[in-house]
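Pasting final_9.txt here (compact mmCIF, C-alpha atoms):
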```
# COMPACT_ATOMS: atom_id res chain seq x y z
CA MET A 283 8.98 43.40 -11.78
CA ASP A 284 10.35 42.79 -8.27
CA VAL A 285 10.38 38.98 -8.12
CA LEU A 286 10.79 36.34 -10.81
CA CYS A 287 9.91 32.77 -9.87
CA SER A 288 11.08 30.01 -12.17
CA ASP A 289 11.63 26.28 -12.22
CA LYS A 290 15.42 26.19 -12.30
CA THR A 291 16.24 22.56 -13.15
CA GLY A 292 16.32 22.10 -16.89
CA THR A 293 15.01 25.63 -17.49
CA LEU A 294 17.97 27.65 -16.26
CA THR A 295 20.32 24.70 -15.75
CA LEU A 296 21.32 21.72 -17.86
CA ASN A 297 19.90 19.12 -15.40
CA LYS A 298 23.27 17.34 -15.59
CA LEU A 299 24.36 16.97 -12.00
CA SER A 300 27.92 16.30 -10.94
CA VAL A 301 29.74 15.97 -7.62
CA ASP A 302 32.94 17.81 -6.74
CA LYS A 303 34.87 14.98 -5.06
CA ASN A 304 37.20 17.48 -3.37
CA LEU A 305 34.28 18.99 -1.44
CA VAL A 306 32.78 15.69 -0.19
CA GLU A 307 32.56 15.74 3.62
CA VAL A 308 33.02 12.52 5.62
CA PHE A 309 31.59 12.10 9.13
CA CYS A 310 32.61 8.49 9.96
CA LYS A 311 36.00 7.34 11.14
CA GLY A 312 37.58 4.86 8.76
CA VAL A 313 35.45 5.95 5.80
CA GLU A 314 37.05 7.55 2.74
CA LYS A 315 35.45 10.00 0.30
CA ASP A 316 35.30 7.29 -2.37
CA GLN A 317 33.28 5.09 0.01
CA VAL A 318 30.77 7.89 0.57
CA LEU A 319 30.39 8.12 -3.21
CA LEU A 320 30.02 4.33 -3.45
CA PHE A 321 27.33 4.28 -0.74
CA ALA A 322 25.46 7.05 -2.59
CA ALA A 323 25.72 5.04 -5.82
CA MET A 324 24.54 1.88 -4.06
CA ALA A 325 21.47 3.79 -2.80
CA SER A 326 20.67 4.73 -6.42
CA ARG A 327 18.65 3.06 -9.13
CA ILE A 328 20.83 1.34 -11.70
CA GLU A 329 18.08 1.53 -14.34
CA ASN A 330 15.34 4.15 -14.93
CA GLN A 331 17.49 6.72 -13.13
CA ASP A 332 16.61 10.27 -12.22
CA ALA A 333 19.29 12.97 -12.52
CA ILE A 334 20.63 12.39 -8.99
CA ASP A 335 20.88 8.60 -9.42
CA ALA A 336 22.61 9.07 -12.78
CA ALA A 337 25.13 11.47 -11.20
CA MET A 338 25.87 9.12 -8.29
CA VAL A 339 26.34 6.01 -10.44
CA GLY A 340 28.19 8.11 -13.03
CA MET A 341 30.84 8.99 -10.42
CA LEU A 342 32.01 5.38 -10.39
CA ALA A 343 34.70 4.17 -12.78
CA ASP A 344 32.27 1.40 -13.78
CA PRO A 345 28.52 1.65 -13.03
CA LYS A 346 28.52 -2.08 -12.16
CA GLU A 347 30.52 -1.18 -9.01
CA ALA A 348 27.23 0.01 -7.46
CA ARG A 349 26.14 -3.62 -7.04
CA ALA A 350 29.51 -5.43 -7.17
CA GLY A 351 30.04 -8.02 -4.44
CA ILE A 352 26.58 -7.58 -2.93
CA ARG A 353 23.13 -9.09 -3.35
CA GLU A 354 20.29 -6.58 -3.50
CA VAL A 355 17.43 -7.51 -1.18
CA HIS A 356 15.21 -4.44 -1.43
CA PHE A 357 15.36 -0.98 -2.99
CA LEU A 358 13.25 1.86 -1.57
CA PRO A 359 12.74 4.42 -4.36
CA PHE A 360 12.62 8.15 -3.71
CA ASN A 361 9.26 9.54 -2.65
CA PRO A 362 8.27 13.07 -1.66
CA VAL A 363 7.44 12.08 1.94
CA ASP A 364 10.67 10.31 2.93
CA LYS A 365 12.85 12.39 0.54
CA ARG A 366 15.41 9.61 0.37
CA THR A 367 16.24 6.28 -1.26
CA ALA A 368 17.56 3.17 0.46
CA LEU A 369 19.08 -0.16 -0.48
CA THR A 370 19.00 -3.24 1.75
CA TYR A 371 21.73 -5.65 0.70
CA ILE A 372 23.78 -8.69 1.72
CA ASP A 373 27.56 -8.40 1.54
CA SER A 374 29.94 -11.17 0.44
CA SER A 375 30.21 -12.40 4.06
CA GLY A 376 26.45 -12.82 4.38
CA ASN A 377 25.96 -9.73 6.57
CA TRP A 378 22.96 -7.49 5.95
CA HIS A 379 23.22 -3.71 5.58
CA ARG A 380 21.31 -0.67 4.39
CA VAL A 381 22.55 2.51 2.75
CA SER A 382 20.42 5.59 2.20
CA LYS A 383 20.85 8.89 0.38
CA GLY A 384 18.61 11.91 0.34
CA ALA A 385 17.74 15.30 1.71
CA PRO A 386 20.23 16.13 4.48
CA GLU A 387 17.48 17.05 6.95
CA GLN A 388 15.84 13.64 6.44
CA ILE A 389 19.12 11.75 6.75
CA LEU A 390 20.08 13.69 9.91
CA GLU A 391 16.72 12.73 11.41
CA LEU A 392 17.10 9.11 10.28
CA ALA A 393 20.51 8.96 12.00
CA LYS A 394 19.15 10.68 15.13
CA ALA A 395 22.05 13.11 14.78
CA SER A 396 23.24 15.08 17.79
CA ASN A 397 22.79 18.85 17.86
CA ASP A 398 26.53 19.28 17.32
CA LEU A 399 26.54 17.06 14.23
CA SER A 400 23.41 18.74 12.88
CA LYS A 401 24.94 22.20 13.32
CA LYS A 402 28.15 21.12 11.59
CA VAL A 403 26.23 19.57 8.67
CA LEU A 404 23.93 22.59 8.29
CA SER A 405 26.98 24.89 8.30
CA ILE A 406 28.55 22.89 5.45
CA ILE A 407 25.24 22.94 3.55
CA ASP A 408 25.25 26.75 3.86
CA LYS A 409 28.81 26.86 2.49
CA TYR A 410 27.77 24.66 -0.44
CA ALA A 411 24.73 26.90 -1.07
CA GLU A 412 26.94 30.02 -1.16
CA ARG A 413 28.69 28.37 -4.11
CA GLY A 414 25.41 27.46 -5.81
CA LEU A 415 25.65 23.79 -4.82
CA ARG A 416 22.87 21.52 -3.60
CA SER A 417 23.53 18.95 -0.87
CA LEU A 418 22.90 15.22 -0.64
CA ALA A 419 23.47 13.21 2.53
CA VAL A 420 24.39 9.54 2.95
CA ALA A 421 23.84 7.15 5.88
CA ARG A 422 24.46 3.47 6.57
CA GLN A 423 23.06 0.83 8.87
CA VAL A 424 23.70 -2.78 9.89
CA VAL A 425 20.65 -5.09 9.77
CA PRO A 426 21.49 -7.88 12.25
CA GLU A 427 18.00 -9.44 12.06
CA LYS A 428 18.64 -10.22 8.37
CA THR A 429 15.16 -9.35 7.11
CA LYS A 430 14.12 -6.50 4.83
CA GLU A 431 11.25 -5.64 7.21
CA SER A 432 13.58 -5.29 10.21
CA PRO A 433 14.20 -1.77 11.55
CA GLY A 434 17.91 -2.64 11.78
CA GLY A 435 20.52 -1.11 14.04
CA PRO A 436 21.15 2.61 14.48
CA TRP A 437 21.75 4.63 11.32
CA GLU A 438 25.15 6.30 10.99
CA PHE A 439 25.46 9.65 9.20
CA VAL A 440 28.28 8.95 6.73
CA GLY A 441 28.75 11.99 4.55
CA LEU A 442 27.61 14.99 2.59
CA LEU A 443 27.94 15.44 -1.17
CA PRO A 444 27.86 18.75 -3.08
CA LEU A 445 25.76 18.63 -6.26
CA PHE A 446 26.41 21.05 -9.11
CA ASP A 447 23.99 21.63 -11.99
CA PRO A 448 25.65 23.89 -14.57
CA PRO A 449 23.67 26.79 -16.03
CA ARG A 450 22.38 26.59 -19.59
CA HIS A 451 24.26 28.74 -22.09
CA ASP A 452 21.08 30.76 -22.69
CA SER A 453 20.08 31.26 -19.02
CA ALA A 454 20.93 34.97 -18.94
CA GLU A 455 18.91 35.58 -22.11
CA THR A 456 15.97 33.53 -20.76
CA ILE A 457 15.86 35.67 -17.62
CA ARG A 458 16.28 38.88 -19.61
CA ARG A 459 13.29 37.94 -21.81
CA ALA A 460 11.17 37.15 -18.75
CA LEU A 461 11.81 40.62 -17.35
```
Please express the file's structure as structure tokens.
Amino acid sequence: MDVLCSDKTGTLTLNKLSVDKNLVEVFCKGVEKDQVLLFAAMASRIENQDAIDAAMVGMLADPKEARAGIREVHFLPFNPVDKRTALTYIDSSGNWHRVSKGAPEQILELAKASNDLSKKVLSIIDKYAERGLRSLAVARQVVPEKTKESPGGPWEFVGLLPLFDPPRHDSAETIRRAL
């Protein structure tokens, strides 16, 4: 056999994602790594979570932080076309915002990222991949029109998160049997 194709998630890995906070990359001035994690958690489902949502909300000291001090207006669930989620919300001052998390390529496009930013992000994604890590990107937006239908202001590429899914204890044996 020359090539073995396999579904990795849950077959060769535990499907228990985590984020290495030390490797989080921030691309906005005045934003801290913890805020990138909070934005990612805000752009996650609080109930009926997939593995990524569970990992993002699980990074918070208290899962309730994902909606603390805000009023949810609309949640856009993940779909295979957009490859991202988004939350439209109102902050405690009455200002409207959106946060989104998803595939880095989609978030770069959403934020109309410059070539320089795109190259930098793709370089970091490659470094994550060399370590066996997946990547998740986060963006934010102000919605001055204060409607969920509004396109809002320009999206800002906020950060990049490394996702780790540990291998199952029997992965080596599973592959050996397949060969």
Smallest atom-to-atom distance to Ala368 in chain A: which of A:Asn397, A:Gln331, A:Ser326, A:Ser453, using all atoms listed in the file? A:Ser326
For CA of Tyr410 in chain A and CA of Pro444 in chain A, determine how far apart the two atoms are, in Å to one decimal place. 6.5 Å
Just the number, please: distance in Å from CA of Leu418 in chain A to CA of Arg353 in chain A, one decimal.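 These two atoms are separated by 24.5 Å.
For the pair CA of Ile389 in chain A and CA of Arg366 in chain A, the interatomic distance is 7.7 Å.
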Selection: 6 Å around range 300-311 of chain A, all atoms listed in the file, excl. self and same-chain fewer than 5 positions, as number ranges by chain: A: 337, 440-446
Go through A:Leu392, A:Ile352, A:Val403, A:Val318 and flag the residue nearest Gly435 in chain A, using all atoms listed in the file for the distances.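 Of the candidates, the smallest distance to Gly435 in chain A is held by A:Leu392.
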So that I can see what lies close to Asp284 in chain A, please list as a PyMOL selection string the residues with an atom at most 12 Å from it, counting all atoms listed in the file and leaving out residues fewer than 3 positions away in the same chain. chain A and resi 287+460-461
Taking all atoms listed in the file into account, which of A:Ile406, A:Met324, A:Pro448, A:Gly376 comes nearest Leu296 in chain A?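 Ranked by minimum distance to Leu296 in chain A, first place goes to A:Pro448.
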Near range 319-323 of chain A, within 9 Å and counting all atoms listed in the file, which residues show up once chain neighbours fewer than 6 positions away are dropped, as a JSON list (two decimals) with C-alpha atoms, in the frame of the given file?
```
[["chain", "number", "residue", "atom", "x", "y", "z"],
["A", 303, "LYS", "CA", 34.87, 14.98, -5.06],
["A", 306, "VAL", "CA", 32.78, 15.69, -0.19],
["A", 335, "ASP", "CA", 20.88, 8.60, -9.42],
["A", 336, "ALA", "CA", 22.61, 9.07, -12.78],
["A", 337, "ALA", "CA", 25.13, 11.47, -11.20],
["A", 338, "MET", "CA", 25.87, 9.12, -8.29],
["A", 339, "VAL", "CA", 26.34, 6.01, -10.44],
["A", 340, "GLY", "CA", 28.19, 8.11, -13.03],
["A", 341, "MET", "CA", 30.84, 8.99, -10.42],
["A", 342, "LEU", "CA", 32.01, 5.38, -10.39],
["A", 345, "PRO", "CA", 28.52, 1.65, -13.03],
["A", 347, "GLU", "CA", 30.52, -1.18, -9.01],
["A", 348, "ALA", "CA", 27.23, 0.01, -7.46],
["A", 349, "ARG", "CA", 26.14, -3.62, -7.04],
["A", 381, "VAL", "CA", 22.55, 2.51, 2.75],
["A", 382, "SER", "CA", 20.42, 5.59, 2.20],
["A", 383, "LYS", "CA", 20.85, 8.89, 0.38],
["A", 384, "GLY", "CA", 18.61, 11.91, 0.34],
["A", 418, "LEU", "CA", 22.90, 15.22, -0.64],
["A", 419, "ALA", "CA", 23.47, 13.21, 2.53],
["A", 420, "VAL", "CA", 24.39, 9.54, 2.95],
["A", 421, "ALA", "CA", 23.84, 7.15, 5.88],
["A", 422, "ARG", "CA", 24.46, 3.47, 6.57],
["A", 440, "VAL", "CA", 28.28, 8.95, 6.73],
["A", 441, "GLY", "CA", 28.75, 11.99, 4.55],
["A", 443, "LEU", "CA", 27.94, 15.44, -1.17]]
```
Step by step, gather every atom of range 441-445 of chain A that the file lists, find the box along x, y and z that holds them, add 3 Å on each side, and finally give centre and edge lengths in Å to one decimal, as JSON.
```
{"center_x": 27.3, "center_y": 15.4, "center_z": -0.9, "size_x": 9.0, "size_y": 12.8, "size_z": 16.8}
```
Residues at most 9 Å from Phe357 in chain A, counting only C-alpha atoms, excluding those fewer than 5 positions away in the same chain, as a PDB file with C-alpha atoms, in the coordinates of the input?
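This went into around.pdb:
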```pdb
ATOM      1  CA  ALA A 325      21.470   3.790  -2.800  1.00  0.00           C
ATOM      2  CA  SER A 326      20.670   4.730  -6.420  1.00  0.00           C
ATOM      3  CA  ARG A 327      18.650   3.060  -9.130  1.00  0.00           C
ATOM      4  CA  THR A 367      16.240   6.280  -1.260  1.00  0.00           C
ATOM      5  CA  ALA A 368      17.560   3.170   0.460  1.00  0.00           C
ATOM      6  CA  LEU A 369      19.080  -0.160  -0.480  1.00  0.00           C
ATOM      7  CA  THR A 370      19.000  -3.240   1.750  1.00  0.00           C
ATOM      8  CA  TYR A 371      21.730  -5.650   0.700  1.00  0.00           C
TER       9      TYR A 371
END
```
Each range 303-408 of chain A residue no farther than 8 Å from range 425-434 of chain A, nearest pair in Å, all atoms listed in the file, as a Markdown table:
```
| residue | atom | partner | partner_atom | distance |
| --- | --- | --- | --- | --- |
| A:Val355 | CA | A:Lys430 | CA | 6.9 |
| A:His356 | CA | A:Lys430 | CA | 6.7 |
| A:Thr370 | CA | A:Lys430 | CA | 6.6 |
| A:Asn377 | CA | A:Pro426 | CA | 7.5 |
| A:Trp378 | CA | A:Val425 | CA | 5.1 |
| A:His379 | CA | A:Val425 | CA | 5.1 |
| A:Arg380 | CA | A:Val425 | CA | 7.0 |
```
When you look at Lys401 in chain A with a cut-off of 12 Å (counting all atoms listed in the file), what residues show up, excluding the ones that are within fewer than 5 positions of it in the same chain? I need them as a list in words. Pro386, Glu387, Leu390, Ala395, Ser396, Ile406, Ile407 and Asp408 of chain A
Which of A:Gln317, A:Glu354, A:Arg450, A:Glu438 sits closest to Leu399 in chain A [using only C-alpha atoms]: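 The shortest atom-to-atom distance to Leu399 in chain A comes from A:Glu438.
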I need the residue nearest Asp452 in chain A from this list: A:Leu404, A:Thr293, A:Val285, A:Val313. Use all atoms listed in the file for the distance.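 Among the listed residues, A:Thr293 lies closest to Asp452 in chain A.
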Requested file, range 325-343 of chain A restricted to N, CA and C atoms, as a PDB file, in the first residue's frame:
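Contents of result.pdb, as written:
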```pdb
ATOM      1  N   ALA A 325     -18.476  33.941  19.347  1.00  0.00           N
ATOM      2  CA  ALA A 325     -18.928  33.491  18.027  1.00  0.00           C
ATOM      3  C   ALA A 325     -19.185  31.986  18.012  1.00  0.00           C
ATOM      4  N   SER A 326     -19.451  31.422  19.182  1.00  0.00           N
ATOM      5  CA  SER A 326     -19.701  29.983  19.325  1.00  0.00           C
ATOM      6  C   SER A 326     -21.091  29.754  19.899  1.00  0.00           C
ATOM      7  N   ARG A 327     -21.632  28.595  19.578  1.00  0.00           N
ATOM      8  CA  ARG A 327     -22.899  28.201  20.199  1.00  0.00           C
ATOM      9  C   ARG A 327     -22.639  27.910  21.672  1.00  0.00           C
ATOM     10  N   ILE A 328     -23.584  28.295  22.500  1.00  0.00           N
ATOM     11  CA  ILE A 328     -23.482  28.013  23.929  1.00  0.00           C
ATOM     12  C   ILE A 328     -24.106  26.649  24.223  1.00  0.00           C
ATOM     13  N   GLU A 329     -25.100  26.274  23.426  1.00  0.00           N
ATOM     14  CA  GLU A 329     -25.757  24.970  23.556  1.00  0.00           C
ATOM     15  C   GLU A 329     -25.618  24.237  22.226  1.00  0.00           C
ATOM     16  N   ASN A 330     -25.806  22.918  22.245  1.00  0.00           N
ATOM     17  CA  ASN A 330     -25.696  22.096  21.026  1.00  0.00           C
ATOM     18  C   ASN A 330     -24.391  22.381  20.287  1.00  0.00           C
ATOM     19  N   GLN A 331     -23.290  22.353  21.015  1.00  0.00           N
ATOM     20  CA  GLN A 331     -21.993  22.733  20.465  1.00  0.00           C
ATOM     21  C   GLN A 331     -21.348  21.620  19.652  1.00  0.00           C
ATOM     22  N   ASP A 332     -20.588  22.039  18.626  1.00  0.00           N
ATOM     23  CA  ASP A 332     -19.694  21.096  17.967  1.00  0.00           C
ATOM     24  C   ASP A 332     -18.363  21.149  18.730  1.00  0.00           C
ATOM     25  N   ALA A 333     -17.390  20.373  18.283  1.00  0.00           N
ATOM     26  CA  ALA A 333     -16.113  20.282  19.010  1.00  0.00           C
ATOM     27  C   ALA A 333     -15.393  21.628  19.083  1.00  0.00           C
ATOM     28  N   ILE A 334     -15.455  22.419  18.011  1.00  0.00           N
ATOM     29  CA  ILE A 334     -14.769  23.716  18.011  1.00  0.00           C
ATOM     30  C   ILE A 334     -15.448  24.675  18.979  1.00  0.00           C
ATOM     31  N   ASP A 335     -16.796  24.751  18.927  1.00  0.00           N
ATOM     32  CA  ASP A 335     -17.516  25.624  19.860  1.00  0.00           C
ATOM     33  C   ASP A 335     -17.222  25.232  21.304  1.00  0.00           C
ATOM     34  N   ALA A 336     -17.240  23.942  21.583  1.00  0.00           N
ATOM     35  CA  ALA A 336     -16.977  23.456  22.946  1.00  0.00           C
ATOM     36  C   ALA A 336     -15.573  23.864  23.396  1.00  0.00           C
ATOM     37  N   ALA A 337     -14.598  23.774  22.497  1.00  0.00           N
ATOM     38  CA  ALA A 337     -13.224  24.161  22.840  1.00  0.00           C
ATOM     39  C   ALA A 337     -13.121  25.658  23.111  1.00  0.00           C
ATOM     40  N   MET A 338     -13.798  26.470  22.287  1.00  0.00           N
ATOM     41  CA  MET A 338     -13.719  27.922  22.459  1.00  0.00           C
ATOM     42  C   MET A 338     -14.368  28.357  23.770  1.00  0.00           C
ATOM     43  N   VAL A 339     -15.572  27.876  24.026  1.00  0.00           N
ATOM     44  CA  VAL A 339     -16.273  28.240  25.260  1.00  0.00           C
ATOM     45  C   VAL A 339     -15.550  27.632  26.465  1.00  0.00           C
ATOM     46  N   GLY A 340     -14.985  26.447  26.280  1.00  0.00           N
ATOM     47  CA  GLY A 340     -14.258  25.776  27.353  1.00  0.00           C
ATOM     48  C   GLY A 340     -12.983  26.490  27.770  1.00  0.00           C
ATOM     49  N   MET A 341     -12.476  27.387  26.934  1.00  0.00           N
ATOM     50  CA  MET A 341     -11.266  28.146  27.270  1.00  0.00           C
ATOM     51  C   MET A 341     -11.547  29.228  28.313  1.00  0.00           C
ATOM     52  N   LEU A 342     -12.810  29.584  28.474  1.00  0.00           N
ATOM     53  CA  LEU A 342     -13.180  30.626  29.422  1.00  0.00           C
ATOM     54  C   LEU A 342     -13.225  30.059  30.840  1.00  0.00           C
ATOM     55  N   ALA A 343     -12.939  30.893  31.813  1.00  0.00           N
ATOM     56  CA  ALA A 343     -13.019  30.465  33.213  1.00  0.00           C
ATOM     57  C   ALA A 343     -14.448  30.036  33.544  1.00  0.00           C
TER      58      ALA A 343
END
```
